[in-house]
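What follows is my_file00.cif (mmCIF, C-alpha atoms).
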data_coords
loop_
_atom_site.label_atom_id
_atom_site.label_comp_id
_atom_site.auth_asym_id
_atom_site.auth_seq_id
_atom_site.Cartn_x
_atom_site.Cartn_y
_atom_site.Cartn_z
CA MET A 181 4.41 20.97 -2.74
CA SER A 182 5.33 21.32 0.89
CA ASN A 183 3.14 21.18 3.95
CA THR A 184 5.67 22.76 6.25
CA THR A 185 6.28 26.29 7.29
CA ALA A 186 9.17 27.93 9.00
CA THR A 187 7.21 28.01 12.30
CA SER A 188 4.51 23.25 10.51
CA PRO A 189 -1.57 -7.00 -1.02
CA ARG A 190 -1.38 -18.43 -7.58
CA ARG A 191 0.62 -19.67 -4.71
CA VAL A 192 3.31 -19.47 -2.17
CA GLU A 193 5.43 -22.37 -1.00
CA ARG A 194 5.07 -21.59 2.64
CA MET A 195 3.26 -19.19 4.89
CA GLY A 196 5.19 -17.74 7.79
CA ARG A 197 3.82 -15.80 10.65
CA LEU A 198 0.62 -13.84 10.68
CA ALA A 199 2.37 -10.90 9.07
CA ALA A 200 2.46 -12.94 5.84
CA ILE A 201 -1.24 -12.34 5.36
CA GLY A 202 -0.41 -9.27 3.33
CA LEU A 203 1.78 -11.30 1.00
CA LEU A 204 -1.11 -13.67 0.34
CA ALA A 205 -3.40 -10.88 -0.76
CA GLY A 206 -2.41 -11.41 -4.39
CA LEU A 207 -3.23 -15.12 -4.52
CA ALA A 208 -6.15 -16.52 -6.52
CA VAL A 209 -6.65 -13.15 -8.21
CA ALA A 210 -8.74 -13.19 -11.35
CA PRO A 211 -7.12 -11.47 -14.35
CA GLY A 212 -10.15 -9.28 -14.97
CA HIS A 213 -10.71 -5.94 -13.35
CA ALA A 214 -13.63 -3.92 -12.11
CA SER A 215 -14.56 -0.48 -13.29
CA ALA A 216 -15.63 2.26 -10.96
CA SER A 217 -19.32 2.43 -10.12
CA PRO A 218 -21.45 4.77 -8.02
CA GLN A 219 -21.54 2.14 -5.27
CA GLU A 220 -17.77 2.08 -4.87
CA PRO A 221 -16.20 3.95 -1.96
CA LYS A 222 -14.88 7.44 -2.40
CA ALA A 223 -11.31 6.14 -2.39
CA MET A 224 -11.93 4.36 -5.74
CA GLN A 225 -13.48 7.30 -7.53
CA PRO A 226 -11.39 9.02 -10.25
CA THR A 227 -9.20 11.86 -9.11
CA THR A 228 -7.15 14.45 -10.95
CA ALA A 229 -4.07 12.23 -10.52
CA GLN A 230 -5.88 9.42 -12.41
CA THR A 231 -6.09 11.54 -15.56
CA SER A 232 -2.32 11.97 -15.60
CA GLU A 233 0.48 9.65 -16.66
CA THR A 234 2.61 10.93 -13.81
CA LEU A 235 2.53 10.55 -10.05
CA SER A 236 2.27 13.65 -7.91
CA PRO A 237 5.27 14.54 -5.73
CA ARG A 238 3.28 13.33 -2.72
CA GLN A 239 2.57 9.96 -4.39
CA GLN A 240 6.21 9.59 -5.43
CA ALA A 241 7.30 10.25 -1.87
CA ILE A 242 5.30 7.26 -0.59
CA VAL A 243 7.38 4.81 -2.68
CA PRO A 244 10.78 5.05 -0.93
CA ILE A 245 9.16 5.35 2.50
CA ALA A 246 7.26 2.08 1.94
CA ALA A 247 10.24 0.29 0.39
CA PHE A 248 12.79 1.28 3.03
CA ALA A 249 10.39 0.45 5.85
CA ALA A 250 9.57 -3.00 4.41
CA ALA A 251 13.26 -3.71 3.85
CA GLY A 252 14.13 -2.61 7.38
CA ASP A 253 16.52 0.06 6.04
CA ILE A 254 16.03 2.55 8.85
CA ALA A 255 19.13 4.57 7.99
CA ARG A 256 17.62 5.54 4.63
CA LEU A 257 14.04 5.71 5.89
CA GLY A 258 14.68 8.83 7.95
CA PRO A 259 15.71 11.01 4.98
CA ALA A 260 12.85 9.57 2.91
CA LEU A 261 10.38 10.56 5.62
CA ASN A 262 11.77 14.07 5.69
CA GLN A 263 11.47 14.32 1.91
CA GLY A 264 7.92 12.96 2.04
CA LEU A 265 6.78 15.47 4.62
CA ASP A 266 8.36 18.22 2.57
CA ALA A 267 6.52 16.89 -0.53
CA GLY A 268 3.09 17.18 1.05
CA LEU A 269 2.57 14.05 3.14
CA THR A 270 0.84 14.71 6.41
CA VAL A 271 1.95 13.07 9.63
CA GLY A 272 -1.15 10.88 9.37
CA ASP A 273 -0.27 9.82 5.80
CA ALA A 274 3.22 8.71 6.82
CA ARG A 275 1.93 6.97 9.93
CA GLU A 276 -0.73 5.06 7.95
CA VAL A 277 1.86 3.82 5.44
CA LEU A 278 4.13 2.61 8.22
CA VAL A 279 1.28 0.90 10.07
CA GLN A 280 0.34 -0.90 6.84
CA VAL A 281 3.92 -2.20 6.55
CA TYR A 282 3.21 -4.79 9.23
CA ALA A 283 0.72 -6.65 6.98
CA TYR A 284 3.45 -7.20 4.39
CA ALA A 285 6.77 -7.17 6.24
CA GLY A 286 5.88 -7.89 9.88
CA PHE A 287 5.36 -6.10 13.15
CA PRO A 288 9.10 -5.61 13.92
CA ARG A 289 9.74 -3.58 10.78
CA SER A 290 6.54 -1.61 11.16
CA LEU A 291 7.31 -0.78 14.79
CA ASN A 292 10.91 0.20 13.99
CA ALA A 293 9.73 2.41 11.14
CA LEU A 294 7.14 4.11 13.33
CA GLY A 295 9.85 4.76 15.91
CA GLU A 296 11.94 6.40 13.21
CA LEU A 297 9.00 8.59 12.22
CA LEU A 298 8.73 9.80 15.81
CA LYS A 299 12.42 10.75 15.76
CA VAL A 300 12.06 12.55 12.45
CA LEU A 301 9.07 14.53 13.67
CA GLU A 302 10.83 15.54 16.86
CA ALA A 303 13.88 16.70 14.92
CA ARG A 304 11.68 18.71 12.60
CA ARG A 305 9.92 20.33 15.54
CA GLN A 306 13.26 21.32 16.97
CA ARG A 307 14.06 22.99 13.64
CA GLY A 308 10.83 24.96 13.88
CA LEU A 309 8.89 22.92 11.31
CA GLN A 310 5.23 22.22 11.96
CA ASP A 311 3.86 19.38 9.82
CA ALA A 312 0.17 19.03 9.00
CA PRO A 313 -1.28 16.34 11.27
CA GLY A 314 -3.64 14.80 8.72
CA SER A 315 -7.02 13.34 9.56
CA ALA A 316 -8.43 10.34 11.41
CA PRO A 317 -10.79 7.88 9.69
CA SER A 318 -14.14 9.55 9.04
CA ARG A 319 -16.22 6.61 10.29
CA PRO A 320 -15.92 3.81 12.86
CA ILE A 321 -14.43 0.52 11.65
CA PRO A 322 -17.12 -2.21 11.55
CA GLN A 323 -16.95 -5.10 13.98
CA GLY A 324 -17.82 -8.82 13.84
CA ASP A 325 -19.87 -9.99 10.87
CA ALA A 326 -20.08 -6.44 9.54
CA LEU A 327 -16.28 -6.27 9.36
CA LEU A 328 -16.15 -9.55 7.39
CA ALA A 329 -18.79 -8.22 4.99
CA ALA A 330 -16.97 -4.91 4.52
CA GLY A 331 -13.60 -6.59 4.04
CA THR A 332 -15.00 -9.07 1.53
CA ALA A 333 -16.61 -6.24 -0.43
CA ASN A 334 -13.38 -4.20 -0.40
CA GLN A 335 -11.30 -7.20 -1.52
CA THR A 336 -13.72 -7.94 -4.39
CA ARG A 337 -13.71 -4.30 -5.55
CA LEU A 338 -9.93 -4.06 -5.40
CA VAL A 339 -9.23 -7.39 -7.14
CA GLY A 340 -12.10 -7.13 -9.59
CA ALA A 341 -13.69 -10.50 -8.72
CA PRO A 342 -14.32 -12.67 -5.66
CA VAL A 343 -11.08 -14.17 -4.35
CA LYS A 344 -11.18 -17.93 -3.82
CA GLY A 345 -9.13 -21.05 -4.58
CA PRO A 346 -7.55 -24.24 -3.23
CA LEU A 347 -5.16 -22.38 -0.95
CA PHE A 348 -8.01 -20.69 0.90
CA ASP A 349 -9.95 -23.98 1.08
CA PHE A 350 -6.83 -25.55 2.60
CA ALA A 351 -6.24 -22.69 5.06
CA PRO A 352 -9.56 -20.93 5.66
CA ALA A 353 -8.09 -19.00 8.58
CA ILE A 354 -5.81 -17.02 6.26
CA ASP A 355 -8.81 -16.22 4.06
CA GLN A 356 -10.65 -14.83 7.07
CA TYR A 357 -7.62 -12.83 8.21
CA LEU A 358 -7.29 -11.28 4.76
CA LYS A 359 -10.94 -10.32 4.54
CA THR A 360 -11.49 -9.13 8.10
CA HIS A 361 -8.16 -7.59 8.84
CA LEU A 362 -6.20 -6.50 5.78
CA PHE A 363 -9.17 -5.57 3.60
CA GLY A 364 -11.41 -4.80 6.58
CA ASP A 365 -9.54 -3.18 9.45
CA ILE A 366 -6.90 -1.54 7.21
CA PHE A 367 -8.68 -0.74 3.95
CA GLU A 368 -11.74 0.56 5.81
CA ARG A 369 -9.55 3.34 7.21
CA ASP A 370 -10.39 6.10 4.77
CA ASN A 371 -7.85 8.61 6.03
CA LEU A 372 -5.46 7.22 3.38
CA ASP A 373 -7.00 6.75 -0.07
CA TRP A 374 -6.78 3.38 -1.88
CA GLN A 375 -4.42 4.68 -4.58
CA SER A 376 -1.96 5.74 -1.90
CA ARG A 377 -2.34 2.38 -0.11
CA GLU A 378 -1.61 0.52 -3.37
CA ILE A 379 1.39 2.72 -4.18
CA ALA A 380 2.69 1.87 -0.72
CA THR A 381 1.96 -1.85 -1.16
CA VAL A 382 3.79 -1.99 -4.49
CA GLY A 383 6.74 -0.20 -2.90
CA MET A 384 6.78 -2.68 -0.01
CA LEU A 385 6.45 -5.80 -2.16
CA SER A 386 9.12 -4.56 -4.57
CA ALA A 387 11.52 -4.54 -1.63
CA LEU A 388 10.74 -8.17 -0.70
CA ALA A 389 12.48 -10.86 -2.77
CA GLY A 390 10.18 -13.85 -3.26
CA ALA A 391 6.96 -11.81 -3.36
CA GLU A 392 6.85 -11.43 -7.14
CA SER A 393 3.45 -13.15 -7.50
CA GLN A 394 1.86 -10.82 -4.98
CA LEU A 395 3.61 -7.83 -6.54
CA GLN A 396 2.13 -8.70 -9.94
CA SER A 397 -1.33 -8.99 -8.40
CA HIS A 398 -1.01 -5.61 -6.74
CA MET A 399 0.04 -4.06 -10.03
CA GLY A 400 -3.36 -5.22 -11.28
CA ILE A 401 -5.10 -3.90 -8.19
CA SER A 402 -3.33 -0.58 -8.62
CA MET A 403 -4.80 -0.26 -12.10
CA ASN A 404 -8.21 -1.29 -10.74
CA VAL A 405 -8.16 1.72 -8.40
CA GLY A 406 -7.25 4.08 -11.23
CA LEU A 407 -3.47 4.21 -11.41
CA THR A 408 -2.33 4.10 -15.02
CA PRO A 409 0.44 1.95 -16.55
CA GLY A 410 2.38 5.15 -17.07
CA GLN A 411 2.14 6.07 -13.41
CA LEU A 412 3.23 2.55 -12.42
CA ARG A 413 6.21 2.77 -14.77
CA GLN A 414 7.10 6.01 -13.04
CA LEU A 415 6.76 4.24 -9.69
CA ALA A 416 9.38 1.74 -10.87
CA GLN A 417 11.58 4.63 -11.97
CA VAL A 418 11.28 6.20 -8.53
CA LEU A 419 12.50 2.89 -7.07
CA ALA A 420 15.44 2.93 -9.49
CA ASP A 421 16.34 6.54 -8.74
CA ARG A 422 15.77 6.69 -4.98
CA VAL A 423 15.84 3.12 -3.62
CA ASP A 424 17.42 0.15 -5.43
CA GLY A 425 17.77 -1.11 -9.00
CA ALA A 426 16.76 -4.65 -8.04
CA HIS A 427 13.53 -3.35 -6.50
CA ALA A 428 12.82 -1.40 -9.68
CA ALA A 429 13.45 -4.48 -11.84
CA ARG A 430 10.93 -6.47 -9.78
CA ALA A 431 8.36 -3.74 -10.21
CA ASP A 432 8.97 -3.44 -13.95
CA GLY A 433 8.70 -7.21 -14.44
CA ALA A 434 5.54 -7.42 -12.37
CA LEU A 435 3.92 -4.62 -14.36
CA VAL A 436 4.79 -6.27 -17.68
CA ARG A 437 3.21 -9.53 -16.49
CA ALA A 438 0.14 -7.77 -15.09
CA LEU A 439 -0.43 -5.93 -18.35
CA ALA A 440 -0.02 -9.17 -20.33
CA ALA A 441 -2.61 -10.85 -18.08
CA ARG A 442 -5.01 -7.99 -18.86
CA GLY A 443 -4.43 -8.32 -22.60
CA GLY A 444 -2.05 -5.36 -22.66
CA LYS A 445 -4.75 -2.88 -21.66
#

Mind turning this structure into structure tokens?
Amino acid sequence: MSNTTATSPRRVERMGRLAAIGLLAGLAVAPGHASASPQEPKAMQPTTAQTSETLSPRQQAIVPIAAFAAAGDIARLGPALNQGLDAGLTVGDAREVLVQVYAYAGFPRSLNALGELLKVLEARRQRGLQDAPGSAPSRPIPQGDALLAAGTANQTRLVGAPVKGPLFDFAPAIDQYLKTHLFGDIFERDNLDWQSREIATVGMLSALAGAESQLQSHMGISMNVGLTPGQLRQLAQVLADRVDGAHAARADGALVRALAARGGK
């Protein structure tokens, strides 16, 4: 489906810079998972895509964009962005994915990827293509204590249980950054649904050697927000077909371990 017209995320051995907060999102994750409830945000409610064992073309398009951006592969990111826009991503969808990259791969790669998106959009305009702009968040992001409460609630819903452990007792600042920023500032932005954010996160972490623990945790989170094992296997196949075999192998291995931790469900 096109939206153009001819005229349109256990332990780590070390923590680096603040951008590593995204990589810590999978630590101390309980193996259980939460089911949807009426109190959960709209982004966690079942959708048509959740009843399928396949990803939509739009969902598939997120995978290489996220992986190339996290890996810093700008030369291949440009074509992936073009393909994603052609597959139904709005400008806002692509921009949100590339902003989220910074929580997992750092500000430099996020900024470079956003710069590439600007170039791609300008080139498309010059070709007479007008891409759908997408939407802004529908509500203001909370501030102060309200942001901490919202982020903590989002993290618990996504993981399926409160996240705690020795690492966060040792470094309480990283716990606060995760809750207030990653799961607060970012996941409170409802202009990109949680399934899409998790597809992007899995794509990013698959591109980062050494992040296997976090990748496994986000496979579990992906299932908690309604993505099926079949859809996640297809995600790994998209990595194999469009990105890199090593990235796909990481994703496959992480999914196998996540399913084993859930009793094969």

Q | Using all atoms listed in the file: which of A:Val405, A:Ala247, A:Ala428, A:Ala351 has the shortest distance to Thr336 in chain A | A |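 Of the candidates, the smallest distance to Thr336 in chain A is held by A:Val405.
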
Q: Find, counting only C-alpha atoms, the residue in A:Thr234, A:Arg307, A:Ala389, A:Asn404 that gets nearest to Ala341 in chain A.
A: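 Nearest candidate to Ala341 in chain A out of A:Thr234, A:Arg307, A:Ala389, A:Asn404: A:Asn404.
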
Q) From the set A:Ser318, A:Thr408, A:Asn371, A:Gln240, which residue has the shortest atom-to-atom contact distance to Arg275 in chain A, counting all atoms listed in the file? A) A:Asn371

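Using only C-alpha atoms, the nearest neighbour of Val279 in chain A within the list A:Ala391, A:Ala420, A:Leu407, A:Ile366 is A:Ile366.
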
Q: Name the residues captured by the PyMOL selection byres ((chain A and resi 380) around 8) when it is applied to the shown file; answer as a ChimeraX atom specification.
A: /A:242-243,246-247,277,376-379,381-384

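Here CA of Lys359 in chain A is placed at a distance of 8.6 Å from CA of Ala333 in chain A.
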
Q) Which is closer to Ala316 in chain A than all the others in A:Gly272, A:Pro409, A:Pro259, A:Gly400, using all atoms listed in the file? A)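 Answer, going by the shortest atom-to-atom distance: A:Gly272.
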
Q: Starting from the displayed file, determine the output of the PyMOL selection byres ((chain A and resi 334) around 9) and express the residue list as a VMD selection string.
A: chain A and resid 220 to 221 329 to 333 335 to 339 359 363 to 364 367 to 368

Q) Suppose you want the space between CA of Ala267 in chain A and CA of Ala241 in chain A; what is it in Å? A)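 Separation of CA of Ala267 in chain A and CA of Ala241 in chain A: 6.8 Å.
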
Q.
I'd like to know which of A:Leu257, A:Leu358, A:Ala429, A:Leu235 is closest to Val300 in chain A, using only C-alpha atoms.
A. A:Leu257

Q.
Please report the interatomic distance between CA of Tyr282 in chain A and CA of Arg430 in chain A in Å with one decimal.
A.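 Between CA of Tyr282 in chain A and CA of Arg430 in chain A the gap works out to 20.6 Å.
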
**Q.** Hits from the PyMOL selection byres ((chain A and resi 263) around 10), listed as number ranges by chain
**A.** A: 182, 237-238, 241-242, 244-245, 257-262, 264-269

Q | Who sits within 7 Å of Gln396 in chain A, all atoms listed in the file, same chain under 6 positions skipped, as a list of chain:residue names | A |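 Here the qualifying residues turn out to be A:Ala434, A:Leu435, A:Arg437, A:Ala438.
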